[in-house]
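Novice: Dumping the structure here so I can ask a few things about it.
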Amino acid sequence: MKNDLAIYDHHAADWWDPCSRFSASLHALNRVRLEEVRGVVGDRYAGFVVDLGCGGGLLSEPLARAGATVVGVDISGGSVRAASAHGADCPHLHYLRGDATRPPLPDACADLVVCADVVEHIPDWESLVATAARVAKPGARFYVNTINRTWFARVVTVWLGEGLGYVPRGTHDHRMFVAPKSLAAAGDRHGWSFDGATGQRVMPLRTLFGRRLALAATTSLSATYSAWFTRR
């Protein structure tokens with residue numbers, strides 16, 4: 001199977017185990033994402049954050065513990081339960097099970113919307129961009145991390161990442177990857193101003209010896225990349 005979303009329920013108990021074959025590479029990539037988000041909003045952030053497709057809460061929980069009020073939404077019941085259990089002691093952290101393209105949230109409520117590892121899994125991914133625009137306040141920021149629609153991204157994420165077991169087999173369908181220019185154009189159609197993008201590169205030796213994908217920031221967008229937008 002490709003783009004097998006059942007993986008996230010099957011491995012829900014492993015979300016917060018950094019040594020799990022399922023989540024080890026996710027934790028490594030999440031460290032890069034957190035650095036990117038904190039580089040824009042700061043280490044202490046008191047805004048209202050909506051995490052669309054939050055999974056096990058790897059982004060939601062650190063942001064909530066840094067001072068934000070966070071609502072995470074995900075369609076995977078197992079993932080939402082795992083996220084809720086792990087963050088149960090965090091009073092400003094809330095999770096909802098639901099479709100990230102139709103979250104039960106009011107218009108113009110969020111100061112920051114984050115969306116990591118989601119765009120490449122939704123056939124009508126532009127609806128996610130539109131939803132982010134709906135829940136964002138004017139001037140709010142939107143952070144997206146996804147996979148570029150290139151042959152190199154297919155090699156890195158599917159052939160190597162899944163083939164060598166760093167990512168569960170069946171996680172991705174390369175035909176659903178989204179190019180930065182397509183994401184930027186969709187953002188413009190839904191009231192977002194594109195602020196730019198940065199990429200992530202694989203560090204081969206650390207990946208091989210650490211038995212998980214090790215990534216670092218790069219100017220190349222040829223594989224995975226992060227994009228920032230501002231709500232008009």
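Just remember, in the structure tokens the first chain shown is A, the second B, etc., residues are 1-based per chain, and ligands are 1-based in the order shown.
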Excluding Trp16 in chain A and its own-chain neighbours fewer than 2 positions away, which residues fall within 8 Å of it when counting only C-alpha atoms? Please give them as a VMD selection string.

Specialist: chain A and resid 13 to 14 18 23 56 58 86

Novice: Tell me which protein, DNA and RNA residues are within 6 Å of Lys2 in chain A, counting only C-alpha atoms, leaving out same-chain ones fewer than 4 positions away, and put them as a list in words.

Specialist: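 Skipping anything fewer than 4 positions along the chain leaves Gly170, His172 and Asp173 of chain A.
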
Novice: Restrict the selected residues to all heavy atoms and save them as a compact mmCIF listing (two decimals), in the first residue's frame.

Specialist:
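What landed in result-v2.txt:
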# COMPACT_ATOMS: atom_id res chain seq x y z
N GLY A 170 5.03 1.97 3.02
CA GLY A 170 3.66 2.34 2.71
C GLY A 170 3.24 3.70 3.23
O GLY A 170 2.10 4.12 3.03
N HIS A 172 4.25 6.70 2.28
CA HIS A 172 4.15 7.76 1.27
C HIS A 172 3.73 7.24 -0.10
O HIS A 172 3.99 6.09 -0.45
CB HIS A 172 5.49 8.50 1.12
CG HIS A 172 5.96 9.16 2.36
ND1 HIS A 172 7.03 8.68 3.10
CD2 HIS A 172 5.51 10.26 3.01
CE1 HIS A 172 7.21 9.46 4.15
NE2 HIS A 172 6.31 10.43 4.11
N ASP A 173 3.12 8.14 -0.85
CA ASP A 173 2.87 7.94 -2.26
C ASP A 173 3.50 9.13 -2.97
O ASP A 173 3.02 10.27 -2.81
CB ASP A 173 1.36 7.89 -2.54
CG ASP A 173 1.03 7.65 -4.01
OD1 ASP A 173 1.93 7.83 -4.86
OD2 ASP A 173 -0.12 7.31 -4.31

Novice: So that I can check the surroundings of Arg232 in chain A, please list as a list of chain:residue names every protein, DNA and RNA residue that reaches within 12 Å of it, counting only C-alpha atoms and ignoring chain neighbours fewer than 5 positions away.

Specialist: A:Ala108, A:Ala133, A:Arg134, A:Ala136, A:Lys137, A:Pro138, A:Gly139, A:Ala140, A:Arg141, A:Phe142, A:Gly187, A:Asp188, A:Arg189, A:His190, A:Gly191, A:Trp192, A:Ser193, A:Phe194, A:Asp195

Novice: Would you save the residues from that selection as a tab-separated table (two decimals), in the first residue's frame, using N, CA and C atoms?

Specialist:
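Now in selection.tsv:
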chain	number	residue	atom	x	y	z
A	108	ALA	N	-10.84	32.82	12.37
A	108	ALA	CA	-9.91	33.85	12.84
A	108	ALA	C	-9.59	33.72	14.32
A	133	ALA	N	-6.28	29.13	6.46
A	133	ALA	CA	-6.62	30.54	6.27
A	133	ALA	C	-7.89	30.90	7.03
A	134	ARG	N	-8.84	30.00	7.07
A	134	ARG	CA	-10.10	30.28	7.77
A	134	ARG	C	-9.89	30.49	9.26
A	136	ALA	N	-7.12	31.33	10.79
A	136	ALA	CA	-6.04	32.27	11.12
A	136	ALA	C	-6.56	33.70	11.23
A	137	LYS	N	-6.02	34.41	12.20
A	137	LYS	CA	-6.28	35.85	12.32
A	137	LYS	C	-5.52	36.60	11.22
A	138	PRO	N	-5.96	37.80	10.86
A	138	PRO	CA	-5.13	38.62	9.97
A	138	PRO	C	-3.75	38.84	10.58
A	139	GLY	N	-2.72	38.62	9.80
A	139	GLY	CA	-1.36	38.76	10.31
A	139	GLY	C	-0.80	37.50	10.93
A	140	ALA	N	-1.63	36.45	11.06
A	140	ALA	CA	-1.15	35.19	11.63
A	140	ALA	C	-0.13	34.52	10.70
A	141	ARG	N	0.68	33.64	11.25
A	141	ARG	CA	1.68	32.92	10.48
A	141	ARG	C	1.23	31.48	10.25
A	142	PHE	N	1.72	30.90	9.17
A	142	PHE	CA	1.39	29.53	8.78
A	142	PHE	C	2.68	28.82	8.43
A	187	GLY	N	-1.52	29.01	-1.50
A	187	GLY	CA	-1.57	29.98	-0.41
A	187	GLY	C	-2.08	31.32	-0.89
A	188	ASP	N	-1.60	31.76	-2.02
A	188	ASP	CA	-2.02	33.05	-2.56
A	188	ASP	C	-3.52	33.06	-2.87
A	189	ARG	N	-4.03	31.95	-3.37
A	189	ARG	CA	-5.46	31.87	-3.69
A	189	ARG	C	-6.33	31.96	-2.44
A	190	HIS	N	-5.78	31.62	-1.29
A	190	HIS	CA	-6.59	31.57	-0.07
A	190	HIS	C	-6.18	32.63	0.96
A	191	GLY	N	-5.51	33.67	0.49
A	191	GLY	CA	-5.26	34.80	1.37
A	191	GLY	C	-3.97	34.76	2.16
A	192	TRP	N	-3.04	33.93	1.72
A	192	TRP	CA	-1.74	33.85	2.37
A	192	TRP	C	-0.68	34.54	1.51
A	193	SER	N	0.22	35.26	2.14
A	193	SER	CA	1.40	35.78	1.46
A	193	SER	C	2.56	34.83	1.75
A	194	PHE	N	3.22	34.38	0.70
A	194	PHE	CA	4.33	33.44	0.83
A	194	PHE	C	5.58	34.17	1.29
A	195	ASP	N	6.17	33.74	2.40
A	195	ASP	CA	7.33	34.41	2.98
A	195	ASP	C	8.65	33.74	2.63

Novice: Give the answer as one residue: which of A:Leu59, A:Leu221, A:Val202, A:Val119 has the shortest atom-to-atom distance to Leu183 in chain A, using only C-alpha atoms?

Specialist: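 When distances to Leu183 in chain A are compared using only C-alpha atoms, the smallest one comes from A:Val119.
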
Novice: Residues of range 117-171 of chain A that have any atom at most 12 Å from an atom of range 203-207 of chain A: could you tabulate them with the shortest-distance atom pair and the distance in Å to one decimal, using only C-alpha atoms, ordered by chain and increasing number, as a Markdown table?

Specialist:
| residue | atom | partner | partner_atom | distance |
| --- | --- | --- | --- | --- |
| A:Val156 | CA | A:Pro204 | CA | 10.8 |
| A:Leu160 | CA | A:Thr207 | CA | 11.0 |
| A:Gly161 | CA | A:Thr207 | CA | 10.1 |
| A:Leu164 | CA | A:Thr207 | CA | 10.8 |
| A:Gly165 | CA | A:Thr207 | CA | 11.5 |
| A:Tyr166 | CA | A:Thr207 | CA | 8.9 |

Novice: What is the distance between CA of Leu93 in chain A and CA of Tyr45 in chain A, in Å to one decimal?

Specialist: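 Pair CA of Leu93 in chain A / CA of Tyr45 in chain A returns 13.4 Å.
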
Novice: Do you know which residues are at most 6 Å from Arg97 in chain A counting only C-alpha atoms, after dropping those on the same chain fewer than 4 positions away, and could you put them as a PDB file with N, CA and C atoms, in the first residue's frame?

Specialist:
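Wrote it out as part-v8.pdb, contents follow:
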ATOM      1  N   VAL A  73      -5.397  18.826  16.038  1.00  0.00           N
ATOM      2  CA  VAL A  73      -6.489  18.097  15.399  1.00  0.00           C
ATOM      3  C   VAL A  73      -5.908  16.990  14.533  1.00  0.00           C
ATOM      4  N   ASP A  74      -6.437  15.779  14.685  1.00  0.00           N
ATOM      5  CA  ASP A  74      -5.964  14.674  13.851  1.00  0.00           C
ATOM      6  C   ASP A  74      -7.077  13.655  13.677  1.00  0.00           C
ATOM      7  N   ILE A  75      -7.090  13.003  12.527  1.00  0.00           N
ATOM      8  CA  ILE A  75      -8.127  12.029  12.229  1.00  0.00           C
ATOM      9  C   ILE A  75      -7.853  10.672  12.867  1.00  0.00           C
TER      10      ILE A  75
END

Novice: With only C-alpha atoms as the counted atoms, please give the residues lying no more than 12 Å from Arg31 in chain A, apart from itself and same-chain residues fewer than 3 positions off, as a PyMOL selection string.

Specialist: chain A and resi 18+24-28+34-38+58-59+62+200+213-217

Novice: Print the selection's residues with N, CA, C and O atoms to a file, as a PDB file, in the first residue's frame.

Specialist:
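Saved file result02.pdb follows:
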ATOM      1  N   PRO A  18      11.430   7.582  21.255  1.00  0.00           N
ATOM      2  CA  PRO A  18      12.404   8.038  20.254  1.00  0.00           C
ATOM      3  C   PRO A  18      13.271   6.918  19.701  1.00  0.00           C
ATOM      4  O   PRO A  18      14.012   7.128  18.738  1.00  0.00           O
ATOM      5  N   ALA A  24      11.464   7.103  15.432  1.00  0.00           N
ATOM      6  CA  ALA A  24      12.825   7.619  15.600  1.00  0.00           C
ATOM      7  C   ALA A  24      13.146   8.721  14.604  1.00  0.00           C
ATOM      8  O   ALA A  24      13.647   9.793  14.967  1.00  0.00           O
ATOM      9  N   SER A  25      12.827   8.486  13.335  1.00  0.00           N
ATOM     10  CA  SER A  25      13.115   9.502  12.317  1.00  0.00           C
ATOM     11  C   SER A  25      12.194  10.702  12.466  1.00  0.00           C
ATOM     12  O   SER A  25      12.589  11.848  12.189  1.00  0.00           O
ATOM     13  N   LEU A  26      10.952  10.476  12.920  1.00  0.00           N
ATOM     14  CA  LEU A  26      10.033  11.588  13.162  1.00  0.00           C
ATOM     15  C   LEU A  26      10.570  12.514  14.247  1.00  0.00           C
ATOM     16  O   LEU A  26      10.483  13.735  14.130  1.00  0.00           O
ATOM     17  N   HIS A  27      11.124  11.945  15.308  1.00  0.00           N
ATOM     18  CA  HIS A  27      11.701  12.762  16.375  1.00  0.00           C
ATOM     19  C   HIS A  27      12.893  13.566  15.858  1.00  0.00           C
ATOM     20  O   HIS A  27      13.066  14.734  16.217  1.00  0.00           O
ATOM     21  N   ALA A  28      13.706  12.932  15.011  1.00  0.00           N
ATOM     22  CA  ALA A  28      14.863  13.634  14.458  1.00  0.00           C
ATOM     23  C   ALA A  28      14.423  14.800  13.582  1.00  0.00           C
ATOM     24  O   ALA A  28      14.957  15.911  13.677  1.00  0.00           O
ATOM     25  N   LEU A  34      11.101  22.171  15.093  1.00  0.00           N
ATOM     26  CA  LEU A  34      10.979  23.037  16.268  1.00  0.00           C
ATOM     27  C   LEU A  34      11.975  24.188  16.209  1.00  0.00           C
ATOM     28  O   LEU A  34      11.644  25.325  16.583  1.00  0.00           O
ATOM     29  N   GLU A  35      13.183  23.912  15.770  1.00  0.00           N
ATOM     30  CA  GLU A  35      14.173  24.979  15.628  1.00  0.00           C
ATOM     31  C   GLU A  35      13.682  26.029  14.639  1.00  0.00           C
ATOM     32  O   GLU A  35      13.852  27.232  14.861  1.00  0.00           O
ATOM     33  N   GLU A  36      13.061  25.584  13.547  1.00  0.00           N
ATOM     34  CA  GLU A  36      12.558  26.521  12.553  1.00  0.00           C
ATOM     35  C   GLU A  36      11.424  27.372  13.103  1.00  0.00           C
ATOM     36  O   GLU A  36      11.384  28.592  12.905  1.00  0.00           O
ATOM     37  N   VAL A  37      10.502  26.733  13.811  1.00  0.00           N
ATOM     38  CA  VAL A  37       9.369  27.479  14.368  1.00  0.00           C
ATOM     39  C   VAL A  37       9.839  28.443  15.456  1.00  0.00           C
ATOM     40  O   VAL A  37       9.441  29.620  15.470  1.00  0.00           O
ATOM     41  N   ARG A  38      10.698  27.974  16.322  1.00  0.00           N
ATOM     42  CA  ARG A  38      11.198  28.847  17.385  1.00  0.00           C
ATOM     43  C   ARG A  38      12.037  29.990  16.828  1.00  0.00           C
ATOM     44  O   ARG A  38      12.089  31.075  17.413  1.00  0.00           O
ATOM     45  N   LEU A  58       3.926  15.802  18.529  1.00  0.00           N
ATOM     46  CA  LEU A  58       5.354  16.103  18.647  1.00  0.00           C
ATOM     47  C   LEU A  58       5.654  17.592  18.507  1.00  0.00           C
ATOM     48  O   LEU A  58       6.625  18.085  19.091  1.00  0.00           O
ATOM     49  N   LEU A  59       4.844  18.314  17.730  1.00  0.00           N
ATOM     50  CA  LEU A  59       4.989  19.769  17.653  1.00  0.00           C
ATOM     51  C   LEU A  59       4.095  20.470  18.668  1.00  0.00           C
ATOM     52  O   LEU A  59       4.497  21.446  19.301  1.00  0.00           O
ATOM     53  N   PRO A  62       5.547  20.550  22.672  1.00  0.00           N
ATOM     54  CA  PRO A  62       6.628  21.500  22.988  1.00  0.00           C
ATOM     55  C   PRO A  62       6.188  22.957  22.901  1.00  0.00           C
ATOM     56  O   PRO A  62       6.620  23.791  23.708  1.00  0.00           O
ATOM     57  N   GLN A 200      15.503  20.687   4.032  1.00  0.00           N
ATOM     58  CA  GLN A 200      16.219  19.815   4.963  1.00  0.00           C
ATOM     59  C   GLN A 200      16.993  18.779   4.156  1.00  0.00           C
ATOM     60  O   GLN A 200      16.475  18.230   3.184  1.00  0.00           O
ATOM     61  N   LEU A 213      16.753   8.701  10.372  1.00  0.00           N
ATOM     62  CA  LEU A 213      17.075   9.816   9.495  1.00  0.00           C
ATOM     63  C   LEU A 213      17.600  10.990  10.304  1.00  0.00           C
ATOM     64  O   LEU A 213      16.939  11.445  11.245  1.00  0.00           O
ATOM     65  N   ALA A 214      18.770  11.460   9.975  1.00  0.00           N
ATOM     66  CA  ALA A 214      19.345  12.645  10.605  1.00  0.00           C
ATOM     67  C   ALA A 214      19.321  13.760   9.575  1.00  0.00           C
ATOM     68  O   ALA A 214      19.801  13.589   8.450  1.00  0.00           O
ATOM     69  N   LEU A 215      18.754  14.887   9.949  1.00  0.00           N
ATOM     70  CA  LEU A 215      18.531  15.972   8.994  1.00  0.00           C
ATOM     71  C   LEU A 215      19.111  17.280   9.498  1.00  0.00           C
ATOM     72  O   LEU A 215      19.240  17.492  10.704  1.00  0.00           O
ATOM     73  N   ALA A 216      19.434  18.151   8.562  1.00  0.00           N
ATOM     74  CA  ALA A 216      19.911  19.490   8.886  1.00  0.00           C
ATOM     75  C   ALA A 216      19.320  20.461   7.878  1.00  0.00           C
ATOM     76  O   ALA A 216      18.932  20.078   6.766  1.00  0.00           O
ATOM     77  N   ALA A 217      19.253  21.725   8.270  1.00  0.00           N
ATOM     78  CA  ALA A 217      18.707  22.755   7.386  1.00  0.00           C
ATOM     79  C   ALA A 217      19.622  22.986   6.188  1.00  0.00           C
ATOM     80  O   ALA A 217      20.841  22.837   6.277  1.00  0.00           O
TER      81      ALA A 217
END

Novice: Give me the residues within 7 Å of Val49 in chain A as number ranges by chain, counting only C-alpha atoms and dropping any in the same chain fewer than 3 places off.

Specialist: A: 68-71, 110-113

Novice: Hey, can you spit out that residue selection with N, CA and C atoms as an mmCIF file, in the first residue's frame?

Specialist:
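The resulting file, again_21.cif, is reproduced below:
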data_model
loop_
_atom_site.group_PDB
_atom_site.id
_atom_site.type_symbol
_atom_site.label_atom_id
_atom_site.label_comp_id
_atom_site.auth_asym_id
_atom_site.auth_seq_id
_atom_site.Cartn_x
_atom_site.Cartn_y
_atom_site.Cartn_z
ATOM 1 N N ALA A 68 2.466 28.586 24.740
ATOM 2 C CA ALA A 68 1.323 28.764 23.845
ATOM 3 C C ALA A 68 0.116 27.974 24.331
ATOM 4 N N THR A 69 -1.060 28.409 23.896
ATOM 5 C CA THR A 69 -2.269 27.601 24.005
ATOM 6 C C THR A 69 -2.427 26.890 22.676
ATOM 7 N N VAL A 70 -2.478 25.566 22.706
ATOM 8 C CA VAL A 70 -2.418 24.776 21.476
ATOM 9 C C VAL A 70 -3.623 23.848 21.371
ATOM 10 N N VAL A 71 -4.214 23.815 20.198
ATOM 11 C CA VAL A 71 -5.239 22.828 19.861
ATOM 12 C C VAL A 71 -4.710 22.006 18.686
ATOM 13 N N ALA A 110 -6.632 31.774 15.380
ATOM 14 C CA ALA A 110 -5.245 31.354 15.591
ATOM 15 C C ALA A 110 -4.237 32.446 15.258
ATOM 16 N N ASP A 111 -3.211 32.540 16.092
ATOM 17 C CA ASP A 111 -2.063 33.404 15.817
ATOM 18 C C ASP A 111 -1.016 32.684 14.973
ATOM 19 N N LEU A 112 -1.012 31.354 15.078
ATOM 20 C CA LEU A 112 -0.057 30.521 14.352
ATOM 21 C C LEU A 112 -0.745 29.208 14.006
ATOM 22 N N VAL A 113 -0.616 28.794 12.766
ATOM 23 C CA VAL A 113 -1.106 27.487 12.324
ATOM 24 C C VAL A 113 0.101 26.683 11.863
#

Novice: Could you check which of A:Thr224, A:Thr101, A:Thr157, A:Asn30 is closest to Thr198 in chain A, using only C-alpha atoms?

Specialist: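 Counting only C-alpha atoms, the residue closest to Thr198 in chain A is A:Thr224.
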
Novice: Please list as a list in words every residue within 6 Å of Ala223 in chain A, counting only C-alpha atoms and excluding residues in the same chain fewer than 2 positions away.

Specialist: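 Here the answer would be Ile147, Asn148, Ala153 and Leu221 of chain A.
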